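Below you'll find the structure, written out as structure tokens, and then a few comments.
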Amino acid sequence: MDIQLGIWNLNWSHFTFEEALAGIRATGFTDVALYPQHSDGPCYTEAMSEDAITALKQRLDDCGLRCVMLMAVSPVTSGADAAKRRIDMASVMRVDMLCATGTWEWLEFLKQRKPDEQLAAEHRAYVDAWQEVAPYAEQSGVTIALKPHGGNSATGPLLRQTIDDVGSPAFQACVDAGNVRFYEGIDPVADVDPILPHARMMCLKDHSGPRGHGDFPIIGDGGVDHPALFAKLHAAGFSGPAVIERYDGASGRTGIDFYTVCERARISRANVLRIAASIG
């Protein structure tokens, strides 16, 4: 199985952006997905000028790095104009994909769920907002990839329903098996089937322990059956970016020193490439 393997800068978010770039370069990656936040402030916002966006792309180019994904801006919470500005940023940086999250179902995680009527209304507002923005993404050649993160993207069937409700070729799916296992406590390999035709990228993470237990070990050391997951994606013809998101175990990202972040990135990269090479 051939994959476009990259890594999120999220793993270095408690360091400066320049330190993150150095760590990513040192661990053998050339593809990177960018979260905004770092210890020295955001590396991008939707309010950036085109000159600043161009300078960010040039900085990545100078480091030999190619950005394959940015975070989307929610048109529900930030408005359609802000969401469109993030799409413009992706276009200037020649980034094809934005990663989005859906609604949130919990008043208190795993203890108190929002009423069904509220969840239905929030889903409707979410769909309406993305239906307004999605045509702009289509015209720009940018895909919004919705990842499992609870609410109306919690499981494969729910995520597929949200994609169908938005009804745009620019609004597709991001596979995130670790999130499915963490947030829902279910087998992410069985759960992925409904979104296979819409899978455009992967956020790679593993997960250990029961539902809601915050332990994300190095990929291959947790409970996600990545060989089985990759086999399904390969059979479905998946060819998008596969980006390692986290591997901080139970300590949390800020509890890991720079050397350990880089070393775990190297191990994760080797593990993913080994698994992918065993498929097909």
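Ordered as shown in the structure tokens, chains take letters A, B, and onward, while each chain numbers its residues from 1 and ligands are numbered from 1 in the order shown.
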
task = Write out as a PyMOL selection string which residues come within 10 Å of stretch 250-253 of chain A when counting only C-alpha atoms, dropping same-chain ones fewer than 5 positions away.
result = chain A and resi 10-14+207-208+213-217+261

Write the selection just made, keeping C-alpha atoms, as a tab-separated table (two decimals), in the first residue's frame?
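Once written, selection_38.tsv looks like this:
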chain	number	residue	atom	x	y	z
A	10	LEU	CA	0.73	19.23	16.88
A	11	ASN	CA	3.30	16.97	18.52
A	12	TRP	CA	5.63	19.98	18.86
A	13	SER	CA	2.90	22.52	19.73
A	14	HIS	CA	4.43	23.20	23.16
A	207	HIS	CA	-5.34	4.38	21.51
A	208	SER	CA	-5.11	2.18	24.61
A	213	HIS	CA	-9.09	7.03	28.57
A	214	GLY	CA	-6.48	9.50	27.36
A	215	ASP	CA	-3.68	7.20	26.30
A	216	PHE	CA	-2.39	7.56	22.73
A	217	PRO	CA	0.70	5.37	22.39
A	261	VAL	CA	8.85	13.89	20.65

request  = If you run DSSP over the backbone, which residues in stretch 78-251 of chain A end up helix (DSSP H, G or I)? Put them as a PyMOL selection string.
outcome  = chain A and resi 80-92+116-140+151-153+156-166+177-184+188-191+193-198+226-235

ask   = stretch 83-243 of chain A: which residues are strand (DSSP E) by DSSP, as JSON, numbers by chain?
value = {"A": [97, 98, 99, 100, 106, 107, 108, 112, 113, 143, 144, 145, 146, 171, 172, 173, 174, 175, 199, 200, 201, 202, 203, 204, 241, 242, 243]}

Selection to disk with N, CA and C atoms, as a compact mmCIF listing (two decimals), in the first residue's frame:
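Below is the file out_39.txt, written as the result:
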# COMPACT_ATOMS: atom_id res chain seq x y z
N MET A 97 -6.30 20.25 1.16
CA MET A 97 -7.26 19.77 2.14
C MET A 97 -7.26 20.59 3.42
N LEU A 98 -8.45 20.73 3.97
CA LEU A 98 -8.64 21.30 5.29
C LEU A 98 -9.31 20.26 6.17
N CYS A 99 -8.86 20.14 7.39
CA CYS A 99 -9.42 19.16 8.33
C CYS A 99 -10.47 19.84 9.20
N ALA A 100 -11.67 19.27 9.23
CA ALA A 100 -12.78 19.85 9.99
C ALA A 100 -13.26 18.88 11.07
N TRP A 106 -21.74 16.53 23.97
CA TRP A 106 -21.69 16.38 25.41
C TRP A 106 -21.78 17.71 26.14
N LEU A 107 -22.59 17.74 27.19
CA LEU A 107 -22.53 18.81 28.17
C LEU A 107 -21.40 18.54 29.14
N GLU A 108 -21.22 17.27 29.49
CA GLU A 108 -20.07 16.81 30.27
C GLU A 108 -19.65 15.47 29.67
N GLN A 112 -22.98 13.56 30.67
CA GLN A 112 -24.26 14.22 30.37
C GLN A 112 -24.29 14.64 28.91
N ARG A 113 -25.20 14.02 28.18
CA ARG A 113 -25.35 14.29 26.75
C ARG A 113 -26.38 15.40 26.54
N THR A 143 -10.63 20.51 -0.59
CA THR A 143 -11.53 19.54 0.02
C THR A 143 -11.57 19.73 1.53
N ILE A 144 -12.76 19.77 2.09
CA ILE A 144 -12.96 19.77 3.54
C ILE A 144 -13.10 18.33 3.97
N ALA A 145 -12.20 17.86 4.85
CA ALA A 145 -12.23 16.47 5.31
C ALA A 145 -12.70 16.43 6.76
N LEU A 146 -13.89 15.90 6.98
CA LEU A 146 -14.48 15.84 8.31
C LEU A 146 -13.96 14.60 9.04
N PHE A 171 -16.86 18.22 0.34
CA PHE A 171 -17.02 17.90 1.76
C PHE A 171 -16.97 16.38 1.91
N GLN A 172 -15.84 15.88 2.39
CA GLN A 172 -15.58 14.45 2.40
C GLN A 172 -15.12 14.00 3.79
N ALA A 173 -14.46 12.85 3.88
CA ALA A 173 -14.16 12.23 5.18
C ALA A 173 -12.67 12.10 5.43
N CYS A 174 -12.32 12.24 6.70
CA CYS A 174 -10.99 11.95 7.20
C CYS A 174 -11.11 10.76 8.15
N VAL A 175 -10.34 9.72 7.92
CA VAL A 175 -10.35 8.54 8.78
C VAL A 175 -9.49 8.83 10.01
N ALA A 199 -13.36 8.60 1.90
CA ALA A 199 -12.11 8.82 2.63
C ALA A 199 -11.08 9.50 1.74
N ARG A 200 -10.65 10.70 2.15
CA ARG A 200 -9.68 11.46 1.37
C ARG A 200 -8.37 11.65 2.11
N MET A 201 -8.36 11.43 3.43
CA MET A 201 -7.11 11.50 4.17
C MET A 201 -7.28 10.76 5.49
N MET A 202 -6.15 10.53 6.16
CA MET A 202 -6.16 9.86 7.46
C MET A 202 -5.40 10.69 8.49
N CYS A 203 -5.95 10.79 9.69
CA CYS A 203 -5.20 11.21 10.86
C CYS A 203 -4.84 9.94 11.62
N LEU A 204 -3.55 9.69 11.77
CA LEU A 204 -3.08 8.44 12.35
C LEU A 204 -2.75 8.61 13.82
N PRO A 241 -3.37 11.76 1.76
CA PRO A 241 -2.38 11.90 2.82
C PRO A 241 -2.75 11.07 4.06
N ALA A 242 -1.74 10.53 4.70
CA ALA A 242 -1.89 9.83 5.97
C ALA A 242 -0.95 10.51 6.94
N VAL A 243 -1.50 11.23 7.91
CA VAL A 243 -0.71 12.15 8.71
C VAL A 243 -0.74 11.71 10.18

Distance query A:Asp40 at most 9 Å, only C-alpha atoms, self and fewer than 6 positions along chain excluded, as a short mmCIF file (atom, residue, chain, number, x, y, z; two decimals) with N, CA and C atoms, in the first residue's frame:
data_model
loop_
_atom_site.label_atom_id
_atom_site.label_comp_id
_atom_site.auth_asym_id
_atom_site.auth_seq_id
_atom_site.Cartn_x
_atom_site.Cartn_y
_atom_site.Cartn_z
N HIS A 14 3.96 22.54 21.94
CA HIS A 14 4.43 23.20 23.16
C HIS A 14 5.84 23.75 22.99
N PHE A 15 6.36 23.70 21.77
CA PHE A 15 7.61 24.36 21.41
C PHE A 15 7.31 25.46 20.39
N THR A 16 8.31 26.24 20.04
CA THR A 16 8.10 27.29 19.05
C THR A 16 7.91 26.68 17.67
N PHE A 17 7.38 27.47 16.76
CA PHE A 17 7.18 26.99 15.40
C PHE A 17 8.50 26.61 14.75
#

key: Residues within 8 Å of A:Ala33, only C-alpha atoms, excluding chain neighbours under 6 positions, as a PyMOL selection string   = chain A and resi 6-9+67-70+243

Can you write just those residues out, N, CA and C atoms, as a compact mmCIF listing (two decimals), in the first residue's frame?
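Below is the file result17.txt, written as the result:
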# COMPACT_ATOMS: atom_id res chain seq x y z
N GLY A 6 2.80 11.73 6.31
CA GLY A 6 3.24 13.00 6.87
C GLY A 6 3.02 13.02 8.37
N ILE A 7 3.19 14.20 8.97
CA ILE A 7 3.02 14.33 10.42
C ILE A 7 2.44 15.70 10.74
N TRP A 8 1.61 15.74 11.77
CA TRP A 8 1.10 17.02 12.28
C TRP A 8 2.18 17.70 13.12
N ASN A 9 2.26 19.00 13.04
CA ASN A 9 3.13 19.76 13.95
C ASN A 9 2.59 19.78 15.37
N CYS A 67 3.26 21.37 2.88
CA CYS A 67 2.06 21.33 3.70
C CYS A 67 0.95 20.62 2.93
N VAL A 68 0.36 19.59 3.55
CA VAL A 68 -0.70 18.83 2.90
C VAL A 68 -2.06 19.09 3.53
N MET A 69 -2.09 19.75 4.68
CA MET A 69 -3.38 20.03 5.30
C MET A 69 -3.26 21.15 6.32
N LEU A 70 -4.30 21.99 6.38
CA LEU A 70 -4.49 22.98 7.42
C LEU A 70 -5.79 22.65 8.15
N VAL A 243 -1.50 11.23 7.91
CA VAL A 243 -0.71 12.15 8.71
C VAL A 243 -0.74 11.71 10.18

request  = Find the residues near A:Arg86: any atom within 7 Å, counting only C-alpha atoms, skip ones fewer than 5 places away on the same chain, and give them as a VMD selection string.
outcome  = chain A and resid 46 72 to 73
